[in-house]
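Notes for the one structure printed next.
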Amino acid sequence: MSVEPSNVPTHVAVIMDGNGRWARARGKQRHAGHRAGVRAVRATVEAAAEHGVRYLTLFAFSSENWRRPEEEVSNLMSLFVEALRREVAELHRNNVRLRFIGALEQLGAGLQKKIAAAVDKTSGNTGLVLNVAVAYGGRWDIARAAQALAAKAAAGEIDARGIDEDAVAARLALGGAPDPDLLVRTGGERRISNFLLWNLAYAELWFTDVLWPDFDEAEFGRALADFAGKQRRYGHTGEQVEAVEC
Ligand code: FPP
């Protein structure tokens, strides 16, 4: 399915849900679902780049996912290390710039090292920016920005009364990236689950029952086609937006 380039979202954020149910439906361990999820990540990165999406932000592990059984958390961490080992060279060849957002200091030293190396290797790339959210929570992000601004105010470097939306946004993990235009969530649930709370303020939301390992280019195309039909008003009336478009 192709979408007019002008209607392609600049930034797509994805909550990849349904790996566990995908595995259970096949009589497999949850980990098999996460492994299959990596294949869907690869397909989605390729599809996003082909459609001209500039930023793709994937929710790989939330602040709350630490509460999962120890074995699942440990398997997921090993999977992230393996995925980095296997995928970074190909991402680099495809001019993808890899970034990670989240409380990365909570991760094991080996994973942190692999992340830093991947970010460094791809830092000069000019194609798709792929943000992977690990140990990430929207509330953590906003609290951290508030903390940084409060420290600056306490040190007399900024005036607390001058702290505005732009100042907060600049301190968030996504920093200078544009806000997501489209949020995709697989797996049938219709919630934000503490993802990018600030940045999703004006995102179009697209939910699908498809489980993450089954998410493919056709399903991504459906999300983009739905997005292309939306009128984005940002508080204006439909008539105001139409007048500008004419
Ligand atoms: C949610 O499904 C999925 C996760 C918590 C992990 C997502 C991780 C991947 C897709 C693996 C690879 C990612 C990268 C970026 C290499 P769930 O386990 O909550 O599924 P359920 O709701 O069916 O139980």
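Residues in the structure tokens are named by chain (A, B, ... in the order shown) and by number from 1 within that chain; ligands are numbered from 1 in the order shown.
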
Could you report the residues within 8 Å of ligand 1, using only C-alpha atoms and all ligand atoms, as a PyMOL selection string?
chain A and resi 15-23+30+33-38+40-41+58-62+65+76+79-80+83-84+132-133+187+211-213

File of the preceding selection, C-alpha atoms, as a PDB file, in the first residue's frame:
ATOM      1  CA  ILE A  15       4.348   0.097  21.415  1.00  0.00           C
ATOM      2  CA  MET A  16       5.285  -3.455  20.425  1.00  0.00           C
ATOM      3  CA  ASP A  17       2.799  -5.571  22.372  1.00  0.00           C
ATOM      4  CA  GLY A  18       1.660  -9.179  22.077  1.00  0.00           C
ATOM      5  CA  ASN A  19       4.885 -11.226  22.014  1.00  0.00           C
ATOM      6  CA  GLY A  20       3.813 -13.375  24.972  1.00  0.00           C
ATOM      7  CA  ARG A  21       0.373 -14.141  23.534  1.00  0.00           C
ATOM      8  CA  TRP A  22       1.891 -14.920  20.137  1.00  0.00           C
ATOM      9  CA  ALA A  23       4.157 -17.509  21.787  1.00  0.00           C
ATOM     10  CA  ARG A  30       7.289 -16.253  26.068  1.00  0.00           C
ATOM     11  CA  GLY A  33       7.627 -14.463  21.151  1.00  0.00           C
ATOM     12  CA  HIS A  34      10.295 -11.890  21.959  1.00  0.00           C
ATOM     13  CA  ARG A  35      12.684 -13.527  19.493  1.00  0.00           C
ATOM     14  CA  ALA A  36      10.002 -13.402  16.805  1.00  0.00           C
ATOM     15  CA  GLY A  37       9.506  -9.772  17.837  1.00  0.00           C
ATOM     16  CA  VAL A  38      13.044  -8.952  16.713  1.00  0.00           C
ATOM     17  CA  ALA A  40       9.141  -7.735  13.216  1.00  0.00           C
ATOM     18  CA  VAL A  41      11.460  -4.918  14.362  1.00  0.00           C
ATOM     19  CA  LEU A  58      10.276   1.690  19.536  1.00  0.00           C
ATOM     20  CA  PHE A  59       9.231   0.852  23.116  1.00  0.00           C
ATOM     21  CA  ALA A  60      11.418  -2.183  23.820  1.00  0.00           C
ATOM     22  CA  PHE A  61      11.414  -2.250  27.636  1.00  0.00           C
ATOM     23  CA  SER A  62       9.526  -0.003  30.037  1.00  0.00           C
ATOM     24  CA  ASN A  65       8.959  -4.185  32.813  1.00  0.00           C
ATOM     25  CA  LEU A  76      15.160  -9.958  27.215  1.00  0.00           C
ATOM     26  CA  LEU A  79      18.145 -10.720  23.406  1.00  0.00           C
ATOM     27  CA  PHE A  80      18.962  -6.990  23.233  1.00  0.00           C
ATOM     28  CA  ALA A  83      20.140  -8.135  18.465  1.00  0.00           C
ATOM     29  CA  LEU A  84      22.782  -5.416  18.688  1.00  0.00           C
ATOM     30  CA  VAL A 132      14.999   2.408  21.030  1.00  0.00           C
ATOM     31  CA  ALA A 133      13.375   3.039  24.422  1.00  0.00           C
ATOM     32  CA  GLY A 187      -1.670  -6.458  20.613  1.00  0.00           C
ATOM     33  CA  LEU A 211       0.301  -9.273  17.763  1.00  0.00           C
ATOM     34  CA  TRP A 212       3.742  -7.692  17.444  1.00  0.00           C
ATOM     35  CA  PRO A 213       5.538 -10.714  15.876  1.00  0.00           C
TER      36      PRO A 213
END

Which residues come within 12 Å of Tyr202 (chain A), counting only C-alpha atoms, excluding same-chain residues fewer than 4 positions away, as a VMD selection string?
chain A and resid 11 178 to 183 196 to 198 231 to 235

Residues from last step as file, N, CA and C atoms, as a PDB file, in the first residue's frame:
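Here's the written file again-v1.pdb:
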ATOM      1  N   HIS A  11       7.496  11.225  12.182  1.00  0.00           N
ATOM      2  CA  HIS A  11       7.958  10.438  13.345  1.00  0.00           C
ATOM      3  C   HIS A  11       6.860   9.442  13.743  1.00  0.00           C
ATOM      4  N   PRO A 178      11.502  15.842  16.462  1.00  0.00           N
ATOM      5  CA  PRO A 178      10.109  16.304  16.424  1.00  0.00           C
ATOM      6  C   PRO A 178       9.207  15.327  17.178  1.00  0.00           C
ATOM      7  N   ASP A 179       8.090  15.810  17.690  1.00  0.00           N
ATOM      8  CA  ASP A 179       7.164  14.913  18.393  1.00  0.00           C
ATOM      9  C   ASP A 179       6.635  13.849  17.435  1.00  0.00           C
ATOM     10  N   PRO A 180       6.326  12.648  17.946  1.00  0.00           N
ATOM     11  CA  PRO A 180       5.716  11.637  17.063  1.00  0.00           C
ATOM     12  C   PRO A 180       4.400  12.156  16.481  1.00  0.00           C
ATOM     13  N   ASP A 181       4.210  11.896  15.189  1.00  0.00           N
ATOM     14  CA  ASP A 181       2.943  12.244  14.531  1.00  0.00           C
ATOM     15  C   ASP A 181       1.948  11.108  14.693  1.00  0.00           C
ATOM     16  N   LEU A 182       2.480   9.904  14.783  1.00  0.00           N
ATOM     17  CA  LEU A 182       1.632   8.706  14.801  1.00  0.00           C
ATOM     18  C   LEU A 182       2.150   7.733  15.855  1.00  0.00           C
ATOM     19  N   LEU A 183       1.228   7.254  16.701  1.00  0.00           N
ATOM     20  CA  LEU A 183       1.561   6.173  17.642  1.00  0.00           C
ATOM     21  C   LEU A 183       0.840   4.910  17.185  1.00  0.00           C
ATOM     22  N   LEU A 196       6.346   7.991  26.237  1.00  0.00           N
ATOM     23  CA  LEU A 196       6.427   9.356  25.682  1.00  0.00           C
ATOM     24  C   LEU A 196       5.254  10.276  26.040  1.00  0.00           C
ATOM     25  N   LEU A 197       4.934  10.364  27.339  1.00  0.00           N
ATOM     26  CA  LEU A 197       3.710  11.063  27.752  1.00  0.00           C
ATOM     27  C   LEU A 197       3.648  12.500  27.244  1.00  0.00           C
ATOM     28  N   TRP A 198       4.758  13.184  27.313  1.00  0.00           N
ATOM     29  CA  TRP A 198       4.791  14.589  26.876  1.00  0.00           C
ATOM     30  C   TRP A 198       4.727  14.665  25.345  1.00  0.00           C
ATOM     31  N   GLN A 231      -7.107  14.863   9.559  1.00  0.00           N
ATOM     32  CA  GLN A 231      -6.859  16.302   9.526  1.00  0.00           C
ATOM     33  C   GLN A 231      -6.307  16.682  10.896  1.00  0.00           C
ATOM     34  N   ARG A 232      -5.117  17.249  10.895  1.00  0.00           N
ATOM     35  CA  ARG A 232      -4.469  17.567  12.175  1.00  0.00           C
ATOM     36  C   ARG A 232      -4.731  19.029  12.493  1.00  0.00           C
ATOM     37  N   ARG A 233      -5.438  19.288  13.600  1.00  0.00           N
ATOM     38  CA  ARG A 233      -5.936  20.649  13.848  1.00  0.00           C
ATOM     39  C   ARG A 233      -5.171  21.407  14.924  1.00  0.00           C
ATOM     40  N   TYR A 234      -4.488  20.745  15.809  1.00  0.00           N
ATOM     41  CA  TYR A 234      -3.713  21.400  16.873  1.00  0.00           C
ATOM     42  C   TYR A 234      -4.505  22.510  17.559  1.00  0.00           C
ATOM     43  N   GLY A 235      -5.763  22.271  17.826  1.00  0.00           N
ATOM     44  CA  GLY A 235      -6.573  23.257  18.538  1.00  0.00           C
ATOM     45  C   GLY A 235      -7.333  24.209  17.634  1.00  0.00           C
TER      46      GLY A 235
END

Here is a test: counting only C-alpha atoms, which residue of A:Arg54, A:His31, A:Arg86, A:Arg139 is nearest to Asn194 (chain A)?
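Under the stated criterion, the closest residue is A:Arg139.
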
Between CA of Ala223 (chain A) and CA of Trp206 (chain A) - distance in Å to one decimal:
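CA of Ala223 (chain A) lies at a distance of 6.4 Å from CA of Trp206 (chain A).
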
Set the distance at 10 Å and use only C-alpha atoms: which residues neighbour Glu64 (chain A) once local chain neighbours fewer than 6 positions away are removed? I'd like the list as a VMD selection string.
chain A and resid 135 to 137 193 to 194

Minimum-distance residue to Leu149 (chain A), chosen among A:Val96, A:Ala13, A:Ala203, A:Ala167 (using only C-alpha atoms):
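Closest to Leu149 (chain A), using only C-alpha atoms: A:Ala167.
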
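Backbone DSSP over region 100-151 of chain A yields alpha helix (DSSP H) at Ala109, Gly110, Leu111, Gln112, Lys113, Lys114, Ile115, Ala116, Ala117, Ala118, Val119, Asp120, Lys121, Thr122, Gly138, Arg139, Trp140, Asp141, Ile142, Ala143, Arg144, Ala145, Ala146, Gln147, Ala148, Leu149, Ala150 and Ala151 of chain A.
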
Please determine, counting only C-alpha atoms, which residue among A:Ala43, A:Val88, A:Val134, A:Leu98 has the shortest atom-to-atom distance to Ser63 (chain A).
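When distances to Ser63 (chain A) are compared using only C-alpha atoms, the smallest one comes from A:Val134.
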
Counting only C-alpha atoms, which residue out of A:Glu46, A:Asp166, A:Asp141, A:Glu82 sits closest to Phe195 (chain A)?
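For Phe195 (chain A), the nearest of the given residues is A:Asp141.
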
Between A:Asp209, A:Asp226, A:Glu165, A:Glu239, single out the one closest to Ile142 (chain A), counting only C-alpha atoms.
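Closest to Ile142 (chain A), using only C-alpha atoms: A:Glu165.
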
Strand (DSSP E or B) positions in region 28-193 of chain A, given as an MDAnalysis selection string:
chainID A and resid 55:62 97:101 129:136 182:185

Pairwise distance for CA of Val12 (chain A) and CA of Leu56 (chain A), rounded to one decimal in Å:
5.0 Å

Atom-to-atom span, CA of Thr126 (chain A) and CA of Thr57 (chain A), Å
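Taking CA of Thr126 (chain A) as the start and CA of Thr57 (chain A) as the end point, the length is 16.1 Å.
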